[in-house]
$ cat upload-v7.cif   # mmCIF, C-alpha atoms
data_start
#
loop_
_atom_site.label_atom_id
_atom_site.label_comp_id
_atom_site.auth_asym_id
_atom_site.auth_seq_id
_atom_site.Cartn_x
_atom_site.Cartn_y
_atom_site.Cartn_z
CA MET G 1 53.58 79.93 98.54
CA LEU G 2 57.31 79.15 98.78
CA HIS G 3 59.94 81.73 97.89
CA THR G 4 63.59 80.67 97.51
CA VAL G 5 66.56 83.02 97.71
CA ASN G 6 70.06 81.80 96.75
CA LYS G 7 72.03 85.07 96.64
CA SER G 8 73.87 86.83 99.45
CA PRO G 9 71.80 89.79 100.72
CA PHE G 10 75.05 91.73 101.13
CA GLU G 11 75.82 91.49 97.42
CA LYS G 12 72.44 91.39 95.65
CA ASN G 13 68.96 92.71 96.44
CA SER G 14 67.20 89.35 95.85
CA LEU G 15 66.29 88.85 99.51
CA HIS G 16 65.24 92.47 99.85
CA SER G 17 62.87 92.13 96.88
CA CYS G 18 61.55 88.82 98.17
CA LEU G 19 60.73 90.33 101.57
CA ARG G 20 59.15 93.36 99.89
CA LEU G 21 56.98 91.39 97.45
CA SER G 22 55.98 88.28 99.41
CA LYS G 23 52.68 88.11 101.27
CA PRO G 24 51.76 87.16 104.84
CA GLY G 25 51.53 83.38 105.23
CA ALA G 26 54.28 82.74 102.69
CA ASN G 27 57.35 80.64 103.39
CA ILE G 28 60.85 81.81 102.49
CA LEU G 29 63.74 79.36 102.09
CA LEU G 30 67.31 80.65 102.11
CA LEU G 31 69.83 78.43 100.32
CA GLU G 32 73.35 78.56 98.79
CA ASP G 33 74.75 82.08 99.41
CA GLY G 34 71.26 83.11 100.53
CA VAL G 35 71.91 81.45 103.90
CA TYR G 36 74.06 84.42 104.91
CA GLY G 37 70.78 86.31 105.30
CA ALA G 38 69.95 84.19 108.36
CA LEU G 39 72.94 85.46 110.38
CA LYS G 40 72.10 87.14 113.66
CA GLY G 41 73.40 90.66 114.30
CA SER G 42 74.04 91.68 110.69
CA ASP G 43 73.07 94.86 108.84
CA ILE G 44 70.00 93.14 107.38
CA SER G 45 68.94 90.83 110.24
CA GLU G 46 66.20 93.25 111.36
CA ASP G 47 64.47 92.85 107.99
CA ILE G 48 64.30 89.07 108.49
CA GLU G 49 63.17 89.47 112.10
CA ALA G 50 60.32 91.70 110.94
CA SER G 51 59.22 89.23 108.28
CA LEU G 52 59.07 86.41 110.85
CA ALA G 53 55.95 88.07 112.33
CA ASP G 54 53.79 86.78 109.49
CA ARG G 55 56.01 84.55 107.32
CA GLY G 56 58.00 81.36 107.81
CA VAL G 57 61.74 81.63 107.24
CA TYR G 58 63.75 78.47 106.60
CA VAL G 59 67.43 77.91 105.86
CA LEU G 60 69.09 74.90 104.21
CA GLY G 61 71.35 73.08 106.70
CA PRO G 62 73.94 71.64 104.27
CA ASP G 63 74.60 75.14 102.86
CA LEU G 64 75.06 76.54 106.38
CA LYS G 65 77.48 73.74 107.24
CA ALA G 66 79.51 74.35 104.06
CA ARG G 67 79.89 78.00 105.06
CA GLY G 68 80.88 77.29 108.67
CA ILE G 69 77.74 78.76 110.22
CA HIS G 70 76.45 76.98 113.32
CA ASP G 71 72.78 77.08 114.34
CA ASP G 72 73.48 79.31 117.37
CA ARG G 73 74.43 82.15 115.00
CA LEU G 74 71.01 82.25 113.34
CA ILE G 75 68.24 84.74 113.93
CA ASP G 76 65.78 83.36 116.50
CA GLY G 77 62.76 81.85 114.76
CA VAL G 78 64.58 80.86 111.57
CA GLN G 79 64.22 77.10 111.08
CA VAL G 80 66.92 74.84 109.66
CA VAL G 81 65.80 72.18 107.15
CA ASP G 82 67.63 69.37 105.34
CA TYR G 83 67.12 68.41 101.67
CA ALA G 84 64.03 66.35 102.55
CA GLY G 85 62.62 69.38 104.37
CA PHE G 86 63.29 71.52 101.28
CA VAL G 87 61.34 69.02 99.14
CA LYS G 88 58.44 68.99 101.60
CA LEU G 89 58.26 72.81 101.61
CA ALA G 90 58.16 72.78 97.80
CA VAL G 91 55.58 69.97 97.54
CA ASP G 92 53.32 71.53 100.15
CA ALA G 93 53.34 74.92 98.42
CA PRO G 94 50.97 75.62 95.52
CA ARG G 95 53.69 77.66 93.78
CA VAL G 96 57.44 78.21 94.10
CA GLN G 97 59.07 81.54 93.22
CA SER G 98 62.87 81.70 92.88
CA TRP G 99 64.52 85.06 93.58
CA LEU G 100 67.77 84.81 91.63
CA MET V 101 120.90 87.50 91.93
CA VAL V 102 117.64 88.16 93.68
CA THR V 103 116.99 91.70 94.75
CA GLU V 104 113.89 93.49 95.90
CA ASP V 105 113.12 94.52 92.36
CA THR V 106 113.84 91.37 90.35
CA ASN V 107 113.08 87.69 90.73
CA HIS V 108 115.49 84.85 89.90
CA GLU V 109 114.56 85.05 86.21
CA GLY V 110 115.60 88.68 86.21
CA GLY V 111 112.01 89.87 85.64
CA GLN V 112 110.30 92.69 87.44
CA VAL V 113 108.56 91.91 90.72
CA LYS V 114 105.25 93.69 90.95
CA LYS V 115 103.35 94.32 94.16
CA PHE V 116 100.03 92.55 93.66
CA LEU V 117 97.04 93.04 95.89
CA TYR V 118 94.26 90.51 95.33
CA LEU V 119 91.01 92.08 96.43
CA ASN V 120 88.57 89.34 97.45
CA ARG V 121 84.96 90.49 97.58
CA ARG V 122 82.94 87.30 96.92
CA ALA V 123 81.57 84.60 99.20
CA PRO V 124 83.26 81.20 98.89
CA HIS V 125 80.84 78.50 97.66
CA GLY V 126 78.05 80.01 95.52
CA THR V 127 80.45 80.92 92.70
CA ASN V 128 84.01 79.97 91.61
CA TYR V 129 85.51 83.44 92.16
CA ALA V 130 86.94 82.71 95.62
CA GLN V 131 88.58 79.39 94.80
CA GLU V 132 90.03 80.55 91.48
CA GLY V 133 91.22 83.83 92.98
CA LEU V 134 93.06 81.96 95.70
CA GLU V 135 94.70 79.66 93.15
CA VAL V 136 95.82 82.58 90.97
CA ALA V 137 97.32 84.33 94.00
CA LEU V 138 99.21 81.21 95.11
CA ILE V 139 100.54 80.62 91.58
CA GLY V 140 101.78 84.21 91.46
CA ALA V 141 103.43 83.79 94.85
CA ALA V 142 105.10 80.54 93.68
CA PHE V 143 106.63 82.57 90.81
CA ASP V 144 108.18 85.04 93.24
CA GLN V 145 105.62 87.79 92.81
CA ASP V 146 105.01 89.99 95.83
CA VAL V 147 101.46 88.99 96.74
CA ALA V 148 99.13 90.48 99.31
CA MET V 149 95.52 89.48 99.92
CA ALA V 150 92.68 91.73 101.07
CA TYR V 151 89.26 90.45 102.14
CA THR V 152 86.33 92.84 102.12
CA ASP V 153 82.55 92.73 101.53
CA ASP V 154 81.39 89.08 101.18
CA GLY V 155 85.05 88.07 100.74
CA VAL V 156 85.38 87.92 104.53
CA PHE V 157 83.13 84.81 104.45
CA GLN V 158 85.97 82.97 102.64
CA LEU V 159 87.97 82.92 105.87
CA LYS V 160 85.12 81.72 108.13
CA LYS V 161 86.27 78.80 110.22
CA ASP V 162 84.51 75.39 110.42
CA GLN V 163 83.55 75.29 106.72
CA ASP V 164 82.50 71.73 105.83
CA THR V 165 81.26 71.04 102.30
CA SER V 166 80.74 67.29 102.77
CA ASP V 167 76.95 67.67 102.43
CA ILE V 168 76.95 69.83 99.29
CA GLY V 169 79.33 67.71 97.22
CA THR V 170 81.98 70.33 96.43
CA LYS V 171 85.66 70.52 97.32
CA ASN V 172 86.34 72.13 100.70
CA PHE V 173 89.05 74.49 99.49
CA SER V 174 89.03 76.49 102.72
CA ALA V 175 91.97 74.33 103.89
CA THR V 176 94.02 75.88 101.05
CA TYR V 177 94.08 79.25 102.85
CA GLY V 178 96.43 77.54 105.30
CA ALA V 179 99.04 77.42 102.50
CA LEU V 180 99.24 81.22 102.10
CA GLY V 181 101.95 81.56 104.76
CA ASP V 182 103.95 78.70 103.22
CA TYR V 183 103.97 80.59 99.91
CA ASP V 184 105.32 83.70 101.66
CA VAL V 185 102.01 85.51 101.40
CA THR V 186 102.33 87.15 104.80
CA ARG V 187 100.21 90.23 104.23
CA VAL V 188 96.58 89.13 104.53
CA TYR V 189 94.20 91.97 105.35
CA VAL V 190 90.62 91.65 106.57
CA GLU V 191 88.38 94.70 106.78
CA LEU V 192 86.70 94.98 110.19
CA GLU V 193 83.68 96.94 108.94
CA SER V 194 82.78 94.14 106.51
CA LEU V 195 82.90 91.59 109.34
CA ALA V 196 80.67 93.70 111.58
CA ARG V 197 78.06 94.29 108.86
CA ARG V 198 77.72 90.52 108.54
CA GLY V 199 77.37 89.78 112.25
CA LEU V 200 80.89 88.32 112.41
CA THR V 201 83.85 88.97 114.71
CA LYS V 202 87.61 88.33 114.45
CA GLU V 203 87.13 85.07 116.35
CA ASP V 204 84.92 83.71 113.56
CA LEU V 205 87.86 83.45 111.18
CA MET V 206 90.34 80.61 110.70
CA PRO V 207 93.41 81.07 112.93
CA LEU V 208 95.88 81.25 110.01
CA VAL V 209 99.60 81.51 110.83
CA TYR V 210 102.95 81.94 109.10
CA GLU V 211 106.52 81.23 110.19
CA ASP V 212 108.52 84.46 110.40
CA GLU V 213 111.95 83.84 108.84
CA ASP V 214 113.24 87.10 110.32
CA ASP V 215 112.33 86.01 113.85
CA ASP V 216 113.71 82.46 114.20
CA TRP V 217 110.74 81.03 112.27
CA GLU V 218 108.38 81.89 115.05
CA GLU V 219 104.74 81.11 114.25
CA LYS V 220 102.69 84.30 114.02
CA PRO V 221 99.08 85.18 113.18
CA LEU V 222 98.69 85.73 109.44
CA ILE V 223 95.55 87.86 109.34
CA ARG V 224 95.90 91.60 109.85
CA PHE V 225 92.61 93.27 110.74
CA VAL V 226 92.29 96.73 109.23
CA SER V 227 89.71 99.50 109.17
CA GLU V 228 88.05 100.78 106.03
CA ALA V 229 90.39 103.82 106.08
CA GLU V 230 93.47 101.60 106.41
CA LEU V 231 92.30 99.37 103.55
CA ARG V 232 91.87 102.47 101.38
CA ASP V 233 95.57 103.26 101.92
CA ILE V 234 96.63 99.63 101.30
CA ILE V 235 94.80 99.58 97.95
CA GLU V 236 96.50 102.85 96.98
CA GLU V 237 99.98 101.43 97.75
CA HIS V 238 99.71 98.48 95.37
CA GLU V 239 100.00 98.07 91.62
#
$ encode --input "upload-v7.cif" --output "structure tokens"
Amino acid sequence: MLHTVNKSPFEKNSLHSCLRLSKPGANILLLEDGVYGALKGSDISEDIEASLADRGVYVLGPDLKARGIHDDRLIDGVQVVDYAGFVKLAVDAPRVQSWL
Amino acid sequence: MVTEDTNHEGGQVKKFLYLNRRAPHGTNYAQEGLEVALIGAAFDQDVAMAYTDDGVFQLKKDQDTSDIGTKNFSATYGALGDYDVTRVYVELESLARRGLTKEDLMPLVYEDEDDDWEEKPLIRFVSEAELRDIIEEHE
């Protein structure tokens, strides 16, 4: 299953709820303001690091670039995808849940 | 005559502090807030800007919106100094909570008319306690 999160984790609890209510084996895609959740060394980065043990975490490259975040600032293990990668994640998943 | 208390129209000059708490691209708040502040400054209002919470992301350097199809308004922050907005505060605690440092922000400058137009850094980094006092001082 694919979960998408498009809100900043420092402003809304969407990412927190997604991490709490997603299951092992799920993929999580961070996009729009959600990409801030992929930053290394933040107040919430440990939550993402913990989820990487049994879930895939992806982040949308164009949204990172718009916000001035280079790949070397991301939590290790988080994978950057382009729009085609986003489509593939969605097509390959039986269901998509958006955390707004 | 222009004094500290009146502008050239003879109206009252208020001390405005624009408190910026939203990230730049997911919503319009940042761009519109910046425009409102610059318009106020153009009409001789005393404008200061404070960036806290997700607002600090507005000043992140290297923003490039060419792949998301929106205007890259981050260049507009470079106009703050030209509009005599020389008090731009960034809260250090908000940066740290987001894994950012001072060096992550755009190196904004202004020309100091009281010091032979010398180019000086625009951003003043402040602590949470200092920002509390700054908010109290403004109308």
$ resolve_selection --input "upload-v7.cif" --expression "the PyMOL selection byres ((chain V) within 9 of (chain G))" --output "CSV table (one decimal) with C-alpha atoms, keeping the file's coordinate frame"
chain,number,residue,atom,x,y,z
V,122,ARG,CA,82.9,87.3,96.9
V,123,ALA,CA,81.6,84.6,99.2
V,124,PRO,CA,83.3,81.2,98.9
V,125,HIS,CA,80.8,78.5,97.7
V,126,GLY,CA,78.0,80.0,95.5
V,127,THR,CA,80.4,80.9,92.7
V,153,ASP,CA,82.6,92.7,101.5
V,154,ASP,CA,81.4,89.1,101.2
V,157,PHE,CA,83.1,84.8,104.4
V,158,GLN,CA,86.0,83.0,102.6
V,160,LYS,CA,85.1,81.7,108.1
V,161,LYS,CA,86.3,78.8,110.2
V,162,ASP,CA,84.5,75.4,110.4
V,163,GLN,CA,83.6,75.3,106.7
V,164,ASP,CA,82.5,71.7,105.8
V,165,THR,CA,81.3,71.0,102.3
V,166,SER,CA,80.7,67.3,102.8
V,167,ASP,CA,77.0,67.7,102.4
V,168,ILE,CA,77.0,69.8,99.3
V,170,THR,CA,82.0,70.3,96.4
V,172,ASN,CA,86.3,72.1,100.7
V,195,LEU,CA,82.9,91.6,109.3
V,196,ALA,CA,80.7,93.7,111.6
V,197,ARG,CA,78.1,94.3,108.9
V,198,ARG,CA,77.7,90.5,108.5
V,199,GLY,CA,77.4,89.8,112.2
V,200,LEU,CA,80.9,88.3,112.4
$ resolve_selection --input "upload-v7.cif" --expression "the PyMOL selection byres ((chain V and resi 205-221) around 7)" --output "list in words"
Leu159, Lys160, Lys161, Gly178, Gly181, Asp182, Thr186, Lys202, Glu203, Asp204, Leu222 and Ile223 of chain V
$ residues_around --input "upload-v7.cif" --residues "segment 93-97 of chain G" --least-positions-apart "6" --cutoff "12 Å" --atoms "only C-alpha atoms" --output "VMD selection string"
chain G and resid 1 to 6 14 17 to 18 21 to 22 25 to 29 86 to 87
$ closest_residue --input "upload-v7.cif" --among "G:Leu89, G:Val59, G:Val80, G:Ile48" --to "Arg20 of chain G" --atoms "all atoms listed in the file"
G:Ile48
$ resolve_selection --input "upload-v7.cif" --expression "the PyMOL selection byres ((chain V and resi 138) around 12)" --output "VMD selection string"
chain V and resid 116 118 131 to 137 139 to 149 176 to 186
$ atom_distance --input "upload-v7.cif" --atom1 "atom CA of Ala130 of chain V" --atom2 "atom CA of Phe173 of chain V"
9.3 Å
$ residues_around --input "upload-v7.cif" --residues "segment 227-231 of chain V" --least-positions-apart "5" --cutoff "7 Å" --atoms "all atoms listed in the file" --output "PyMOL selection string"
chain V and resi 191-193
$ write_last_selection --input "upload-v7.cif" --atoms "C-alpha atoms" --output "tab-separated table (two decimals), in the frame of the given file"
chain	number	residue	atom	x	y	z
V	191	GLU	CA	88.38	94.70	106.78
V	192	LEU	CA	86.70	94.98	110.19
V	193	GLU	CA	83.68	96.94	108.94
$ atom_distance --input "upload-v7.cif" --atom1 "atom CA of Leu30 of chain G" --atom2 "atom CA of Ala150 of chain V"
27.7 Å
$ atom_distance --input "upload-v7.cif" --atom1 "atom CA of Asn128 of chain V" --atom2 "atom CA of Arg232 of chain V"
25.8 Å
$ residues_near_point --input "upload-v7.cif" --point "(69.1, 89.2, 91.6)" --cutoff "7 Å" --atoms "only C-alpha atoms" --output "ChimeraX atom specification"
/G:12-14,99-100
$ residues_around --input "upload-v7.cif" --residues "Lys23 of chain G" --least-positions-apart "4" --cutoff "9 Å" --atoms "all atoms listed in the file" --output "ChimeraX atom specification"
/G:1,19,54-55
